[in-house]
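Next comes data.txt, a file with compact mmCIF, C-alpha atoms.
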```
# COMPACT_ATOMS: atom_id res chain seq x y z
CA MET A 2 54.57 7.18 -2.99
CA PHE A 3 54.35 3.89 -1.10
CA LEU A 4 52.67 5.61 1.89
CA ARG A 5 50.02 7.23 -0.33
CA ASN A 6 49.02 3.88 -1.90
CA ARG A 7 48.78 2.30 1.55
CA CYS A 8 46.35 5.02 2.66
CA LEU A 9 44.15 4.66 -0.43
CA ARG A 10 43.73 0.88 -0.21
CA PRO A 11 41.41 0.91 2.84
CA LEU A 12 39.40 3.72 1.28
CA LEU A 13 39.05 1.74 -1.95
CA LEU A 14 37.96 -1.35 0.00
CA VAL A 15 35.33 0.59 1.98
CA GLY A 16 34.00 2.18 -1.21
CA THR A 17 33.72 -1.20 -2.94
CA MET A 18 31.85 -2.68 0.03
CA ALA A 19 29.47 0.28 0.10
CA LEU A 20 28.66 -0.17 -3.59
CA ALA A 21 28.07 -3.89 -3.06
CA GLY A 22 25.67 -3.02 -0.23
CA LEU A 23 23.76 -0.62 -2.47
CA CYS A 24 23.33 -3.31 -5.09
CA ALA A 25 21.89 -5.69 -2.50
CA ALA A 26 19.58 -3.12 -0.88
CA PRO A 27 16.86 -3.05 -3.57
CA ALA A 28 16.31 -6.81 -3.24
CA SER A 29 15.88 -6.44 0.52
CA ALA A 30 13.50 -3.50 0.13
CA TRP A 31 11.49 -5.40 -2.49
CA ALA A 32 11.03 -8.34 -0.12
CA THR A 33 9.47 -6.14 2.57
CA LEU A 34 6.85 -4.65 0.22
CA SER A 35 4.56 -7.68 0.45
CA SER A 36 3.46 -6.85 4.00
CA THR A 37 2.44 -3.25 3.41
CA THR A 38 -0.54 -1.63 5.13
CA ARG A 39 -2.18 1.20 3.18
CA ILE A 40 -4.62 3.64 4.75
CA ILE A 41 -7.54 4.65 2.55
CA LEU A 42 -9.52 7.70 3.64
CA GLN A 43 -13.26 7.95 3.14
CA LYS A 44 -14.15 11.62 3.18
CA GLY A 45 -16.44 13.97 1.31
CA ARG A 46 -18.07 11.10 -0.61
CA HIS A 47 -14.68 10.08 -2.06
CA TYR A 48 -11.96 7.54 -1.44
CA ALA A 49 -8.42 8.85 -1.27
CA PRO A 50 -6.66 7.57 -3.26
CA THR A 51 -9.06 6.35 -5.97
CA ASP A 52 -6.66 3.90 -7.65
CA LEU A 53 -4.15 1.69 -5.87
CA PHE A 54 -1.59 -0.97 -6.88
CA LEU A 55 -0.93 -3.61 -4.21
CA ARG A 56 0.53 -7.09 -3.66
CA LEU A 57 -0.97 -10.28 -2.27
CA GLY A 58 -0.87 -10.16 1.51
CA ASP A 59 -1.08 -6.36 1.72
CA THR A 60 -3.63 -4.86 4.09
CA ILE A 61 -5.98 -1.98 3.35
CA THR A 62 -7.27 0.06 6.28
CA LEU A 63 -10.45 1.92 5.35
CA ARG A 64 -10.78 4.93 7.65
CA ASN A 65 -13.96 7.01 7.78
CA ASP A 66 -12.42 10.46 8.03
CA ASP A 67 -15.73 12.32 7.79
CA ALA A 68 -17.00 14.25 10.79
CA SER A 69 -20.68 13.33 10.37
CA GLN A 70 -21.22 10.92 7.42
CA SER A 71 -21.31 7.14 7.62
CA HIS A 72 -19.89 4.95 4.83
CA HIS A 73 -20.42 1.32 3.84
CA ALA A 74 -17.47 -0.17 1.89
CA PHE A 75 -17.97 -3.42 0.01
CA ILE A 76 -16.54 -5.55 -2.81
CA GLU A 77 -18.58 -7.95 -4.92
CA ALA A 78 -16.29 -10.13 -7.03
CA ASP A 79 -16.42 -13.64 -8.50
CA ARG A 80 -13.64 -14.96 -6.25
CA PHE A 81 -14.50 -13.26 -2.96
CA SER A 82 -16.66 -10.65 -1.32
CA PHE A 83 -16.05 -8.08 1.38
CA ASP A 84 -18.54 -6.02 3.37
CA ALA A 85 -17.39 -3.57 6.04
CA GLY A 86 -20.90 -2.79 7.17
CA ASP A 87 -21.85 0.73 8.21
CA GLN A 88 -18.79 2.67 9.32
CA GLU A 89 -19.44 5.55 11.63
CA PRO A 90 -17.15 8.62 11.55
CA GLY A 91 -13.70 7.90 12.97
CA THR A 92 -13.92 4.11 12.63
CA GLU A 93 -11.61 1.81 10.67
CA THR A 94 -12.03 -1.53 8.90
CA ARG A 95 -9.20 -3.73 7.64
CA LEU A 96 -9.07 -5.93 4.56
CA VAL A 97 -6.22 -8.35 3.81
CA LEU A 98 -5.80 -8.93 0.07
CA VAL A 99 -5.64 -12.65 -0.61
CA GLU A 100 -6.78 -12.79 -4.25
CA PRO A 101 -4.96 -11.35 -7.28
CA GLY A 102 -6.84 -9.21 -9.79
CA ASP A 103 -8.58 -5.88 -10.21
CA PHE A 104 -11.37 -5.06 -7.77
CA VAL A 105 -13.63 -2.09 -7.09
CA ILE A 106 -14.45 -1.04 -3.54
CA GLN A 107 -17.77 0.80 -3.52
CA CYS A 108 -19.79 2.62 -0.87
CA GLY A 109 -23.31 1.28 -0.31
CA ILE A 110 -24.45 4.71 0.90
CA HIS A 111 -22.73 6.88 -1.74
CA PRO A 112 -22.89 5.02 -5.10
CA LYS A 113 -20.41 7.32 -6.86
CA MET A 114 -17.67 6.51 -4.30
CA LYS A 115 -15.31 4.00 -5.93
CA LEU A 116 -11.78 2.81 -5.30
CA THR A 117 -10.06 0.52 -7.82
CA ILE A 118 -7.42 -1.80 -6.41
CA HIS A 119 -5.00 -3.81 -8.54
CA VAL A 120 -3.58 -6.80 -6.65
CA GLN A 121 -0.54 -8.66 -8.03
```
What do you get writing this file as structure tokens?
Amino acid sequence: MFLRNRCLRPLLLVGTMALAGLCAAPASAWATLSSTTRIILQKGRHYAPTDLFLRLGDTITLRNDDASQSHHAFIEADRFSFDAGDQEPGTETRLVLVEPGDFVIQCGIHPKMKLTIHVQ
């Protein structure tokens, strides 16, 4: 009986430490979310995805994934503006989100192309 308890103690200790590590892991994962880079595809006169939730400091990479169409992404907002200019097929433009709020990225060439971003 004494030998069995001695063998279980280390196992119990390791299990307790593993559970403590699991409880701490979400806080660590949450802290790394603020530096996320999201790739947004521009293809077929659409953005993919069309709605996105992000944090301050995140980066959006707008990639023209069309084979022959150009796009022109822009944001017109009270607090800031963004204009990628004409993007030829295969090119990318980056935008770092430094203002909180809801914004719409539009295409100057294809007016129905819209991406809503929610920045916290």
Give me, as a list in words, all polymer residues having an atom no more than 12 Å from A:His73, counting all atoms listed in the file and skipping those fewer than 5 positions away in the same chain.
Gln43, Arg46, Tyr48, Leu63, Arg64, Asn65, Phe83, Asp84, Ala85, Gly86, Asp87, Gln88, Glu89, Pro90, Thr92, Glu93, Thr94, Ile106, Gln107, Cys108, Gly109, Ile110, His111, Pro112, Met114 and Lys115 of chain A
How would the residues just picked look written out with C-alpha atoms as a compact mmCIF listing (two decimals), in the coordinates of the input?
```
# COMPACT_ATOMS: atom_id res chain seq x y z
CA GLN A 43 -13.26 7.95 3.14
CA ARG A 46 -18.07 11.10 -0.61
CA TYR A 48 -11.96 7.54 -1.44
CA LEU A 63 -10.45 1.92 5.35
CA ARG A 64 -10.78 4.93 7.65
CA ASN A 65 -13.96 7.01 7.78
CA PHE A 83 -16.05 -8.08 1.38
CA ASP A 84 -18.54 -6.02 3.37
CA ALA A 85 -17.39 -3.57 6.04
CA GLY A 86 -20.90 -2.79 7.17
CA ASP A 87 -21.85 0.73 8.21
CA GLN A 88 -18.79 2.67 9.32
CA GLU A 89 -19.44 5.55 11.63
CA PRO A 90 -17.15 8.62 11.55
CA THR A 92 -13.92 4.11 12.63
CA GLU A 93 -11.61 1.81 10.67
CA THR A 94 -12.03 -1.53 8.90
CA ILE A 106 -14.45 -1.04 -3.54
CA GLN A 107 -17.77 0.80 -3.52
CA CYS A 108 -19.79 2.62 -0.87
CA GLY A 109 -23.31 1.28 -0.31
CA ILE A 110 -24.45 4.71 0.90
CA HIS A 111 -22.73 6.88 -1.74
CA PRO A 112 -22.89 5.02 -5.10
CA MET A 114 -17.67 6.51 -4.30
CA LYS A 115 -15.31 4.00 -5.93
```
Nearest to A:Thr117, chosen from A:Ala68, A:Leu96, A:Ile76, A:Leu42, with only C-alpha atoms counted in the distances
A:Ile76
Using all atoms listed in the file, pick whichever of A:Lys44, A:Ala78, A:Phe104, A:Pro50 has the shortest atom-to-atom distance to A:Gly91.
A:Lys44
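Between atom CA of A:Ile40 and atom CA of A:Val105 the separation is 15.9 Å.
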What is the atom CA of A:Ser69 to atom CA of A:Arg39 distance in Å?
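Answer for the atom CA of A:Ser69 to atom CA of A:Arg39 separation: 23.3 Å.
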Could you please determine the separation between atom CA of A:Thr37 and atom CA of A:Asp79 in Å, to one decimal place?
24.6 Å
